[in-house]
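For reference, the structure discussed in these notes is given below.
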Amino acid sequence: MSMDVPVLATSQAPGFWRRLVRQRPSAFVALLFLLLLYASLPFAEIVAPYAPDTRSNEALFAPPQMIHFFHDGAFAGPYVYGYSSTVDLQTFQRQFTLDTTKIEPLRFFCAGDPYNHWVFGPSTTHLICPAEASTFYFLGTDRLGRDIFSRIVYGARISLTIGLVGVSLSFFLGCLLGGLAGYLGGWTDAAVLRVIELLRSLPELPLWLALSAALPATWSPIWVFFGITLILGLLDWPGLARAVRAKVLSLREEDYVTAAELIGASRLRILFRHMLPNFSGHLIASVTLAVPHMILGETALSFLGLGLRPPVTSWGVLLNEAQNIGAIELYPWLLTPLVPVVMVVLAFNILGDGLREAADPYAS
């Protein structure tokens, strides 16, 4: 008897994607949006008009320069209006206004700030650049004159990656511990359940804060990144483990499991090779719904100053600069890093709901 993955598990894949496209087109659109977003992460240096730490002393808290295509009823190509600035003699702050007489055309695949790409090496090529001797701040600048749009593009690499890495860790622990608890039963099941109950009884956010505050302040940014990822991953597996345990309990008496045991297949092979594939659709949906939880966790910790810290750029670090209500009232564009957070979380939730429905082979 061949002990490969049961035919039911492998034959559901085409129907799974057909149901996703037919029943939940919004979930399919969310999937395409997320794939495009993650595919752009390795090319952040090219997509961003500026380097994340490029400063302009002449453009502190500069307002956004929106892209226009028509001027005075005629097509003028993609361009932005330049700034006109004055200095307030009472506050000694520079006040900016957009001058509609200054038409500054945008350039594409042009030379800009130098960078060292991990694949292409040293380069100065950017997807979009301002006109010569002009500026292009699509979402405005911060208190140091840094382009917010460019920093959001670079921050996506950290915030989205930490979600995937953290979920990968929690997925492995949840499948392993939940699967062993459901398949072996007895004291193994009791021990795993007690650990799950203990972790679920602890208040999540205070526990995150306490563990994040315990990270040494002398750690380099890369070690802080791995520390935050480890904290999020180790505290997020109980929910998945309980779902896996319940599924394994219902499958361990099936005939193909008994047949695998009789021919001497190891327990881990039975669990990962035969049982988990039978509800892989539900696992994918659960993981998809867990990713935004990780992203929000990193954003909250960094926003409170206990997660990632400068010079690392993440969406939470960017929002940390918007804690001053006075700054938000005067410079509302400082809150724009919140927009990609909301869009990504909504996309993952819509996709997760769609995958959960598509995983049901009896869905209409």
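Scheme for the structure tokens: letters A, B, ... for chains in order shown; per-chain residue numbers from 1; ligand numbers from 1 in order shown.
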
Which residues come within 10 Å of Leu338 (chain A), counting only C-alpha atoms, excluding same-chain residues fewer than 5 positions away, as a list in words?
->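 What passes the distance filter is Ile152, Thr299, Trp315, Gly316, Leu318, Leu319, Trp333 and Met343 of chain A.
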
DSSP-assigned strand (DSSP E) members of region 24-161 of chain A, reported as a PDB file with N, CA and C atoms, in the first residue's frame:
ATOM      1  N   HIS A  68       0.163  65.510 -10.316  1.00  0.00           N
ATOM      2  CA  HIS A  68      -0.850  66.045 -11.242  1.00  0.00           C
ATOM      3  C   HIS A  68      -0.492  65.636 -12.666  1.00  0.00           C
ATOM      4  N   PHE A  69      -1.522  65.650 -13.508  1.00  0.00           N
ATOM      5  CA  PHE A  69      -1.309  65.293 -14.918  1.00  0.00           C
ATOM      6  C   PHE A  69      -1.745  66.408 -15.867  1.00  0.00           C
ATOM      7  N   PHE A  70      -2.676  67.271 -15.422  1.00  0.00           N
ATOM      8  CA  PHE A  70      -3.178  68.334 -16.290  1.00  0.00           C
ATOM      9  C   PHE A  70      -2.926  69.688 -15.634  1.00  0.00           C
ATOM     10  N   HIS A  71      -2.605  70.661 -16.480  1.00  0.00           N
ATOM     11  CA  HIS A  71      -2.389  72.037 -16.020  1.00  0.00           C
ATOM     12  C   HIS A  71      -3.067  72.993 -16.995  1.00  0.00           C
ATOM     13  N   ALA A  74      -4.684  71.368 -20.020  1.00  0.00           N
ATOM     14  CA  ALA A  74      -3.835  70.658 -20.987  1.00  0.00           C
ATOM     15  C   ALA A  74      -3.011  69.605 -20.261  1.00  0.00           C
ATOM     16  N   PHE A  75      -2.780  68.491 -20.958  1.00  0.00           N
ATOM     17  CA  PHE A  75      -1.985  67.424 -20.357  1.00  0.00           C
ATOM     18  C   PHE A  75      -0.530  67.869 -20.247  1.00  0.00           C
ATOM     19  N   ALA A  76       0.010  67.789 -19.037  1.00  0.00           N
ATOM     20  CA  ALA A  76       1.389  68.220 -18.784  1.00  0.00           C
ATOM     21  C   ALA A  76       2.244  67.073 -18.281  1.00  0.00           C
ATOM     22  N   GLY A  77       1.715  65.838 -18.324  1.00  0.00           N
ATOM     23  CA  GLY A  77       2.492  64.701 -17.831  1.00  0.00           C
ATOM     24  C   GLY A  77       2.502  64.667 -16.314  1.00  0.00           C
ATOM     25  N   PRO A  78       3.032  63.625 -15.714  1.00  0.00           N
ATOM     26  CA  PRO A  78       3.120  63.581 -14.252  1.00  0.00           C
ATOM     27  C   PRO A  78       4.075  64.657 -13.741  1.00  0.00           C
ATOM     28  N   TYR A  79       3.561  65.514 -12.863  1.00  0.00           N
ATOM     29  CA  TYR A  79       4.368  66.595 -12.317  1.00  0.00           C
ATOM     30  C   TYR A  79       3.845  66.956 -10.931  1.00  0.00           C
ATOM     31  N   VAL A  80       4.605  67.739 -10.209  1.00  0.00           N
ATOM     32  CA  VAL A  80       4.190  68.282  -8.920  1.00  0.00           C
ATOM     33  C   VAL A  80       4.423  69.780  -8.939  1.00  0.00           C
ATOM     34  N   TYR A  81       3.708  70.468  -8.052  1.00  0.00           N
ATOM     35  CA  TYR A  81       3.928  71.899  -7.879  1.00  0.00           C
ATOM     36  C   TYR A  81       5.046  72.115  -6.866  1.00  0.00           C
ATOM     37  N   GLY A  82       5.900  73.075  -7.153  1.00  0.00           N
ATOM     38  CA  GLY A  82       6.997  73.376  -6.259  1.00  0.00           C
ATOM     39  C   GLY A  82       6.545  74.153  -5.035  1.00  0.00           C
ATOM     40  N   TYR A  83       7.462  74.301  -4.075  1.00  0.00           N
ATOM     41  CA  TYR A  83       7.170  75.001  -2.834  1.00  0.00           C
ATOM     42  C   TYR A  83       7.532  76.481  -2.951  1.00  0.00           C
ATOM     43  N   SER A  84       6.750  77.272  -2.249  1.00  0.00           N
ATOM     44  CA  SER A  84       7.139  78.640  -1.914  1.00  0.00           C
ATOM     45  C   SER A  84       7.147  78.716  -0.391  1.00  0.00           C
ATOM     46  N   SER A  85       8.213  79.239   0.171  1.00  0.00           N
ATOM     47  CA  SER A  85       8.342  79.207   1.628  1.00  0.00           C
ATOM     48  C   SER A  85       8.652  80.585   2.168  1.00  0.00           C
ATOM     49  N   THR A  86       8.168  80.807   3.379  1.00  0.00           N
ATOM     50  CA  THR A  86       8.467  82.018   4.130  1.00  0.00           C
ATOM     51  C   THR A  86       8.797  81.623   5.557  1.00  0.00           C
ATOM     52  N   VAL A  87       9.460  82.481   6.269  1.00  0.00           N
ATOM     53  CA  VAL A  87       9.837  82.222   7.655  1.00  0.00           C
ATOM     54  C   VAL A  87       8.956  83.055   8.568  1.00  0.00           C
ATOM     55  N   ARG A  94       9.679  77.670   9.216  1.00  0.00           N
ATOM     56  CA  ARG A  94       9.448  77.864   7.791  1.00  0.00           C
ATOM     57  C   ARG A  94       8.042  77.405   7.431  1.00  0.00           C
ATOM     58  N   GLN A  95       7.293  78.265   6.757  1.00  0.00           N
ATOM     59  CA  GLN A  95       5.939  77.965   6.325  1.00  0.00           C
ATOM     60  C   GLN A  95       5.957  77.684   4.822  1.00  0.00           C
ATOM     61  N   PHE A  96       5.325  76.566   4.431  1.00  0.00           N
ATOM     62  CA  PHE A  96       5.352  76.148   3.031  1.00  0.00           C
ATOM     63  C   PHE A  96       3.973  76.301   2.408  1.00  0.00           C
ATOM     64  N   THR A  97       3.954  76.711   1.158  1.00  0.00           N
ATOM     65  CA  THR A  97       2.749  76.704   0.331  1.00  0.00           C
ATOM     66  C   THR A  97       3.141  76.172  -1.040  1.00  0.00           C
ATOM     67  N   LEU A  98       2.186  75.541  -1.699  1.00  0.00           N
ATOM     68  CA  LEU A  98       2.435  75.012  -3.035  1.00  0.00           C
ATOM     69  C   LEU A  98       2.194  76.114  -4.063  1.00  0.00           C
ATOM     70  N   ASP A  99       3.200  76.373  -4.868  1.00  0.00           N
ATOM     71  CA  ASP A  99       3.149  77.416  -5.884  1.00  0.00           C
ATOM     72  C   ASP A  99       2.711  76.790  -7.202  1.00  0.00           C
ATOM     73  N   THR A 100       1.495  77.113  -7.649  1.00  0.00           N
ATOM     74  CA  THR A 100       0.953  76.499  -8.860  1.00  0.00           C
ATOM     75  C   THR A 100       1.607  77.023 -10.133  1.00  0.00           C
ATOM     76  N   THR A 101       2.504  77.983  -9.990  1.00  0.00           N
ATOM     77  CA  THR A 101       3.246  78.451 -11.171  1.00  0.00           C
ATOM     78  C   THR A 101       4.548  77.679 -11.368  1.00  0.00           C
ATOM     79  N   LYS A 102       4.926  76.881 -10.363  1.00  0.00           N
ATOM     80  CA  LYS A 102       6.152  76.085 -10.457  1.00  0.00           C
ATOM     81  C   LYS A 102       5.793  74.650 -10.834  1.00  0.00           C
ATOM     82  N   ILE A 103       5.902  74.330 -12.082  1.00  0.00           N
ATOM     83  CA  ILE A 103       5.600  72.982 -12.567  1.00  0.00           C
ATOM     84  C   ILE A 103       6.906  72.206 -12.641  1.00  0.00           C
ATOM     85  N   GLU A 104       6.991  71.148 -11.850  1.00  0.00           N
ATOM     86  CA  GLU A 104       8.229  70.365 -11.766  1.00  0.00           C
ATOM     87  C   GLU A 104       7.939  68.939 -12.245  1.00  0.00           C
ATOM     88  N   PRO A 105       8.266  68.628 -13.496  1.00  0.00           N
ATOM     89  CA  PRO A 105       7.970  67.283 -14.037  1.00  0.00           C
ATOM     90  C   PRO A 105       8.783  66.200 -13.335  1.00  0.00           C
ATOM     91  N   ARG A 107      10.686  62.480 -13.121  1.00  0.00           N
ATOM     92  CA  ARG A 107      11.515  61.639 -13.987  1.00  0.00           C
ATOM     93  C   ARG A 107      11.371  60.181 -13.543  1.00  0.00           C
ATOM     94  N   PHE A 108      11.545  59.275 -14.474  1.00  0.00           N
ATOM     95  CA  PHE A 108      11.406  57.853 -14.174  1.00  0.00           C
ATOM     96  C   PHE A 108      12.679  57.114 -14.583  1.00  0.00           C
ATOM     97  N   PHE A 109      13.017  56.107 -13.768  1.00  0.00           N
ATOM     98  CA  PHE A 109      14.242  55.327 -13.955  1.00  0.00           C
ATOM     99  C   PHE A 109      15.433  56.279 -14.137  1.00  0.00           C
ATOM    100  N   CYS A 110      15.630  57.028 -13.077  1.00  0.00           N
ATOM    101  CA  CYS A 110      16.569  58.138 -13.109  1.00  0.00           C
ATOM    102  C   CYS A 110      17.607  57.969 -12.002  1.00  0.00           C
ATOM    103  N   ALA A 111      18.597  58.837 -12.004  1.00  0.00           N
ATOM    104  CA  ALA A 111      19.664  58.807 -11.005  1.00  0.00           C
ATOM    105  C   ALA A 111      19.257  59.623  -9.786  1.00  0.00           C
ATOM    106  N   GLY A 112      19.492  59.045  -8.595  1.00  0.00           N
ATOM    107  CA  GLY A 112      19.168  59.725  -7.347  1.00  0.00           C
ATOM    108  C   GLY A 112      20.171  59.385  -6.267  1.00  0.00           C
ATOM    109  N   ASP A 113      19.697  59.241  -5.042  1.00  0.00           N
ATOM    110  CA  ASP A 113      20.586  58.914  -3.929  1.00  0.00           C
ATOM    111  C   ASP A 113      21.272  57.571  -4.179  1.00  0.00           C
ATOM    112  N   PRO A 114      22.559  57.477  -3.902  1.00  0.00           N
ATOM    113  CA  PRO A 114      23.258  56.193  -4.092  1.00  0.00           C
ATOM    114  C   PRO A 114      22.850  55.186  -3.028  1.00  0.00           C
ATOM    115  N   TYR A 115      22.902  53.907  -3.376  1.00  0.00           N
ATOM    116  CA  TYR A 115      22.594  52.828  -2.448  1.00  0.00           C
ATOM    117  C   TYR A 115      23.354  51.585  -2.887  1.00  0.00           C
ATOM    118  N   ASN A 116      23.381  50.605  -2.021  1.00  0.00           N
ATOM    119  CA  ASN A 116      24.059  49.339  -2.317  1.00  0.00           C
ATOM    120  C   ASN A 116      23.022  48.224  -2.261  1.00  0.00           C
ATOM    121  N   HIS A 117      22.496  47.842  -3.420  1.00  0.00           N
ATOM    122  CA  HIS A 117      21.452  46.827  -3.481  1.00  0.00           C
ATOM    123  C   HIS A 117      22.045  45.442  -3.241  1.00  0.00           C
ATOM    124  N   GLY A 121      24.103  45.440  -6.437  1.00  0.00           N
ATOM    125  CA  GLY A 121      25.300  46.126  -5.981  1.00  0.00           C
ATOM    126  C   GLY A 121      25.112  47.631  -5.943  1.00  0.00           C
ATOM    127  N   PRO A 122      26.200  48.403  -5.956  1.00  0.00           N
ATOM    128  CA  PRO A 122      26.099  49.872  -5.902  1.00  0.00           C
ATOM    129  C   PRO A 122      25.345  50.422  -7.111  1.00  0.00           C
ATOM    130  N   SER A 123      24.426  51.333  -6.848  1.00  0.00           N
ATOM    131  CA  SER A 123      23.623  51.905  -7.925  1.00  0.00           C
ATOM    132  C   SER A 123      23.030  53.227  -7.465  1.00  0.00           C
ATOM    133  N   THR A 124      22.540  54.001  -8.421  1.00  0.00           N
ATOM    134  CA  THR A 124      21.833  55.257  -8.133  1.00  0.00           C
ATOM    135  C   THR A 124      20.478  55.306  -8.839  1.00  0.00           C
ATOM    136  N   THR A 125      20.042  54.200  -9.442  1.00  0.00           N
ATOM    137  CA  THR A 125      18.805  54.175 -10.217  1.00  0.00           C
ATOM    138  C   THR A 125      17.588  54.086  -9.307  1.00  0.00           C
ATOM    139  N   HIS A 126      16.613  54.958  -9.535  1.00  0.00           N
ATOM    140  CA  HIS A 126      15.354  54.956  -8.796  1.00  0.00           C
ATOM    141  C   HIS A 126      14.197  54.919  -9.784  1.00  0.00           C
ATOM    142  N   LEU A 127      13.073  54.381  -9.335  1.00  0.00           N
ATOM    143  CA  LEU A 127      11.900  54.292 -10.195  1.00  0.00           C
ATOM    144  C   LEU A 127      11.375  55.668 -10.553  1.00  0.00           C
ATOM    145  N   ILE A 128      11.371  56.573  -9.583  1.00  0.00           N
ATOM    146  CA  ILE A 128      10.838  57.919  -9.789  1.00  0.00           C
ATOM    147  C   ILE A 128      11.718  58.913  -9.052  1.00  0.00           C
ATOM    148  N   CYS A 129      11.938  60.067  -9.670  1.00  0.00           N
ATOM    149  CA  CYS A 129      12.799  61.104  -9.084  1.00  0.00           C
ATOM    150  C   CYS A 129      12.173  62.468  -9.350  1.00  0.00           C
TER     151      CYS A 129
END

Which value, in Å to one decimal, gives the distance between CA of Ile325 (chain A) and CA of Thr313 (chain A)?
->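 If I compute the distance from CA of Ile325 (chain A) to CA of Thr313 (chain A), I get 21.6 Å.
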
Please give the complete set of residues from region 115-186 of chain A that DSSP, run on the backbone, assigns to alpha helix (DSSP H), formatted as a PyMOL selection string.
-> chain A and resi 148-184+186

What are the nearest atom pairs, with distances in Å to one decimal, for all residues of region 154-200 of chain A that come at most 8 Å from region 37-52 of chain A, using only C-alpha atoms, set out by chain and rising residue number as CSV?
residue,atom,partner,partner_atom,distance
A:Tyr154,CA,A:Ala44,CA,5.8
A:Ala156,CA,A:Leu41,CA,7.1
A:Arg157,CA,A:Leu41,CA,5.3
A:Leu160,CA,A:Tyr38,CA,7.7

Counting only C-alpha atoms, figure out which residue out of A:Leu230, A:Glu254, A:Pro238, A:Glu321 gets nearest to Arg194 (chain A).
->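 Under the stated criterion, the closest residue is A:Pro238.
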
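Of note, CA of Ser170 (chain A) and CA of Asp236 (chain A) are spaced 5.8 Å apart.
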
Option closest in space to Leu177 (chain A), from A:Met294, A:Leu283, A:Ala243, A:Leu262 [counting only C-alpha atoms] |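 With only C-alpha atoms as the atom set, the closest residue is A:Ala243.
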
Find the nearest atom pair between each residue of region 156-179 of chain A and region 271-277 of chain A for residues within 10 Å, count only C-alpha atoms, give distances in Å to one decimal, sort rows by chain and ascending number, and present the table as JSON lines.
{"residue": "A:Cys175", "atom": "CA", "partner": "A:Leu276", "partner_atom": "CA", "distance": 8.2}
{"residue": "A:Leu176", "atom": "CA", "partner": "A:Leu271", "partner_atom": "CA", "distance": 8.6}
{"residue": "A:Gly179", "atom": "CA", "partner": "A:Leu271", "partner_atom": "CA", "distance": 6.7}

Selection export as a CSV table (one decimal), in the first residue's frame, atoms kept: C-alpha atoms:
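File produced: selection-v4.csv:
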chain,number,residue,atom,x,y,z
A,175,CYS,CA,1.6,22.3,14.4
A,176,LEU,CA,4.2,20.4,16.3
A,179,GLY,CA,-0.4,17.8,16.6

Nearest to Leu308 (chain A), chosen from A:Gly264, A:Pro221, A:Gly233, A:Pro64, with only C-alpha atoms counted in the distances =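 Closest to Leu308 (chain A), using only C-alpha atoms: A:Pro221.
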
What is the CA of Leu139 (chain A)-CA of Gln323 (chain A) distance in Å, reported with one decimal?
-> 18.0 Å

Tell me which protein, DNA and RNA residues are within 9 Å of Ala260 (chain A), counting only C-alpha atoms, leaving out same-chain ones fewer than 5 positions away, and put them as a count of residues only.
-> 6

Name all residues at most 10 Å from Leu199 (chain A) (count only C-alpha atoms; drop same-chain ones fewer than 4 positions away) and give them as number ranges by chain.
-> A: 193-195, 203-204, 207, 234-239

Next, write the just-selected residues to a file, as a JSON list (two decimals), in the first residue's frame, keeping N, CA and C atoms as the atom set.
[["chain", "number", "residue", "atom", "x", "y", "z"],
["A", 193, "LEU", "N", -1.77, 21.27, 26.95],
["A", 193, "LEU", "CA", -2.95, 22.05, 27.28],
["A", 193, "LEU", "C", -2.71, 22.98, 28.47],
["A", 194, "ARG", "N", -1.95, 22.50, 29.47],
["A", 194, "ARG", "CA", -1.66, 23.38, 30.62],
["A", 194, "ARG", "C", -0.81, 24.57, 30.21],
["A", 195, "VAL", "N", 0.16, 24.32, 29.32],
["A", 195, "VAL", "CA", 1.00, 25.43, 28.84],
["A", 195, "VAL", "C", 0.15, 26.42, 28.04],
["A", 203, "PRO", "N", -2.20, 38.47, 30.35],
["A", 203, "PRO", "CA", -2.57, 39.61, 29.48],
["A", 203, "PRO", "C", -1.51, 39.81, 28.41],
["A", 204, "GLU", "N", -1.94, 39.84, 27.16],
["A", 204, "GLU", "CA", -1.00, 39.78, 26.04],
["A", 204, "GLU", "C", -0.14, 41.03, 25.93],
["A", 207, "LEU", "N", 2.42, 41.59, 28.67],
["A", 207, "LEU", "CA", 3.49, 40.60, 28.55],
["A", 207, "LEU", "C", 4.45, 40.97, 27.42],
["A", 234, "LEU", "N", 6.79, 33.27, 19.93],
["A", 234, "LEU", "CA", 6.65, 32.36, 21.06],
["A", 234, "LEU", "C", 5.34, 32.56, 21.81],
["A", 235, "LEU", "N", 4.73, 33.74, 21.67],
["A", 235, "LEU", "CA", 3.50, 34.01, 22.41],
["A", 235, "LEU", "C", 2.25, 33.84, 21.56],
["A", 236, "ASP", "N", 2.40, 33.52, 20.27],
["A", 236, "ASP", "CA", 1.24, 33.47, 19.39],
["A", 236, "ASP", "C", 0.84, 32.06, 18.96],
["A", 237, "TRP", "N", 1.59, 31.03, 19.37],
["A", 237, "TRP", "CA", 1.29, 29.68, 18.89],
["A", 237, "TRP", "C", 0.13, 28.97, 19.59],
["A", 238, "PRO", "N", -0.28, 29.34, 20.83],
["A", 238, "PRO", "CA", -1.33, 28.56, 21.49],
["A", 238, "PRO", "C", -2.64, 28.46, 20.72],
["A", 239, "GLY", "N", -3.08, 29.54, 20.06],
["A", 239, "GLY", "CA", -4.34, 29.47, 19.33],
["A", 239, "GLY", "C", -4.30, 28.46, 18.20]]

Find the residues around Leu205 (chain A) up to 12 Å (only C-alpha atoms counted), leave out those fewer than 2 positions away in its own chain, and share them as an MDAnalysis selection string.
-> chainID A and resid 200 202:203 207:212 231:232 235:236 293 296:298 300:301 304 306

Write a file of the selected residues as a PDB file, in the first residue's frame, keeping N, CA and C atoms.
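Here's the written file again.pdb:
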ATOM      1  N   ARG A 200      -2.495  31.650  27.570  1.00  0.00           N
ATOM      2  CA  ARG A 200      -3.720  32.351  27.199  1.00  0.00           C
ATOM      3  C   ARG A 200      -4.294  33.151  28.361  1.00  0.00           C
ATOM      4  N   LEU A 202      -2.497  34.912  30.487  1.00  0.00           N
ATOM      5  CA  LEU A 202      -1.693  36.107  30.728  1.00  0.00           C
ATOM      6  C   LEU A 202      -2.155  37.240  29.828  1.00  0.00           C
ATOM      7  N   PRO A 203      -2.202  38.470  30.347  1.00  0.00           N
ATOM      8  CA  PRO A 203      -2.566  39.611  29.485  1.00  0.00           C
ATOM      9  C   PRO A 203      -1.509  39.812  28.407  1.00  0.00           C
ATOM     10  N   LEU A 207       2.421  41.591  28.668  1.00  0.00           N
ATOM     11  CA  LEU A 207       3.491  40.599  28.547  1.00  0.00           C
ATOM     12  C   LEU A 207       4.446  40.975  27.423  1.00  0.00           C
ATOM     13  N   TRP A 208       3.901  41.428  26.295  1.00  0.00           N
ATOM     14  CA  TRP A 208       4.750  41.919  25.209  1.00  0.00           C
ATOM     15  C   TRP A 208       5.637  43.058  25.693  1.00  0.00           C
ATOM     16  N   LEU A 209       5.030  44.002  26.403  1.00  0.00           N
ATOM     17  CA  LEU A 209       5.784  45.172  26.862  1.00  0.00           C
ATOM     18  C   LEU A 209       6.892  44.773  27.819  1.00  0.00           C
ATOM     19  N   ALA A 210       6.581  43.858  28.739  1.00  0.00           N
ATOM     20  CA  ALA A 210       7.585  43.449  29.719  1.00  0.00           C
ATOM     21  C   ALA A 210       8.756  42.744  29.043  1.00  0.00           C
ATOM     22  N   LEU A 211       8.463  41.819  28.130  1.00  0.00           N
ATOM     23  CA  LEU A 211       9.540  41.090  27.459  1.00  0.00           C
ATOM     24  C   LEU A 211      10.343  42.000  26.534  1.00  0.00           C
ATOM     25  N   SER A 212       9.666  42.938  25.863  1.00  0.00           N
ATOM     26  CA  SER A 212      10.380  43.860  24.981  1.00  0.00           C
ATOM     27  C   SER A 212      11.266  44.804  25.781  1.00  0.00           C
ATOM     28  N   ILE A 231       9.816  37.038  20.431  1.00  0.00           N
ATOM     29  CA  ILE A 231       8.772  37.292  21.431  1.00  0.00           C
ATOM     30  C   ILE A 231       7.392  37.099  20.807  1.00  0.00           C
ATOM     31  N   LEU A 232       7.169  37.698  19.640  1.00  0.00           N
ATOM     32  CA  LEU A 232       5.857  37.586  18.992  1.00  0.00           C
ATOM     33  C   LEU A 232       5.546  36.145  18.604  1.00  0.00           C
ATOM     34  N   LEU A 235       4.732  33.737  21.670  1.00  0.00           N
ATOM     35  CA  LEU A 235       3.504  34.012  22.407  1.00  0.00           C
ATOM     36  C   LEU A 235       2.247  33.840  21.558  1.00  0.00           C
ATOM     37  N   ASP A 236       2.403  33.518  20.270  1.00  0.00           N
ATOM     38  CA  ASP A 236       1.238  33.471  19.389  1.00  0.00           C
ATOM     39  C   ASP A 236       0.837  32.064  18.958  1.00  0.00           C
ATOM     40  N   HIS A 293      -1.884  40.120  13.018  1.00  0.00           N
ATOM     41  CA  HIS A 293      -1.708  40.204  14.470  1.00  0.00           C
ATOM     42  C   HIS A 293      -0.244  40.473  14.809  1.00  0.00           C
ATOM     43  N   LEU A 296       0.611  44.157  13.753  1.00  0.00           N
ATOM     44  CA  LEU A 296       0.088  45.105  14.729  1.00  0.00           C
ATOM     45  C   LEU A 296       0.873  45.048  16.033  1.00  0.00           C
ATOM     46  N   GLY A 297       1.342  43.846  16.405  1.00  0.00           N
ATOM     47  CA  GLY A 297       2.153  43.723  17.614  1.00  0.00           C
ATOM     48  C   GLY A 297       3.448  44.503  17.501  1.00  0.00           C
ATOM     49  N   GLU A 298       4.159  44.342  16.369  1.00  0.00           N
ATOM     50  CA  GLU A 298       5.409  45.095  16.175  1.00  0.00           C
ATOM     51  C   GLU A 298       5.139  46.586  16.116  1.00  0.00           C
ATOM     52  N   ALA A 300       2.672  48.283  17.507  1.00  0.00           N
ATOM     53  CA  ALA A 300       2.335  48.795  18.836  1.00  0.00           C
ATOM     54  C   ALA A 300       3.576  48.931  19.705  1.00  0.00           C
ATOM     55  N   LEU A 301       4.450  47.916  19.687  1.00  0.00           N
ATOM     56  CA  LEU A 301       5.655  47.969  20.513  1.00  0.00           C
ATOM     57  C   LEU A 301       6.581  49.096  20.064  1.00  0.00           C
ATOM     58  N   LEU A 304       5.237  52.517  21.008  1.00  0.00           N
ATOM     59  CA  LEU A 304       5.424  52.830  22.427  1.00  0.00           C
ATOM     60  C   LEU A 304       6.891  52.977  22.801  1.00  0.00           C
ATOM     61  N   LEU A 306       9.192  50.579  22.743  1.00  0.00           N
ATOM     62  CA  LEU A 306       9.758  49.377  23.347  1.00  0.00           C
ATOM     63  C   LEU A 306      10.089  48.300  22.314  1.00  0.00           C
TER      64      LEU A 306
END

Smallest atom-to-atom distance to Leu144 (chain A): which of A:Leu106, A:Ile328, A:Leu60, A:Ala131, using only C-alpha atoms?
->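 With only C-alpha atoms as the atom set, the closest residue is A:Leu60.
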
Shell around Asp189 (chain A) at 10 Å using only C-alpha atoms, local window under 5 positions removed, as a CSV table (one decimal) with C-alpha atoms, in the first residue's frame:
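Below you can see part.csv, which holds the result:
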chain,number,residue,atom,x,y,z
A,177,LEU,CA,2.9,20.8,19.8
A,178,GLY,CA,-0.8,20.7,18.9
A,179,GLY,CA,-0.4,17.8,16.6
A,180,LEU,CA,1.6,15.7,19.2
A,181,ALA,CA,-1.0,16.6,21.9
A,182,GLY,CA,-3.9,15.4,19.7
A,183,TYR,CA,-2.2,12.3,18.3
A,184,LEU,CA,-0.4,11.0,21.4
A,194,ARG,CA,-1.7,23.4,30.6
A,245,ARG,CA,-5.1,19.4,18.3

Determine the nearest neighbour of Leu346 (chain A) from the options A:Ser302, A:Ser250, A:Ser26, A:Thr218, counting only C-alpha atoms.
->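 The answer is A:Ser26, which sits nearest to Leu346 (chain A).
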
Residues near Gly354 (chain A), cut-off 12 Å, only C-alpha atoms, skip fewer than 6 positions along chain, as a VMD selection string | chain A and resid 16 to 31 281 to 282 284 to 286 288 to 289 347 to 348 360 363
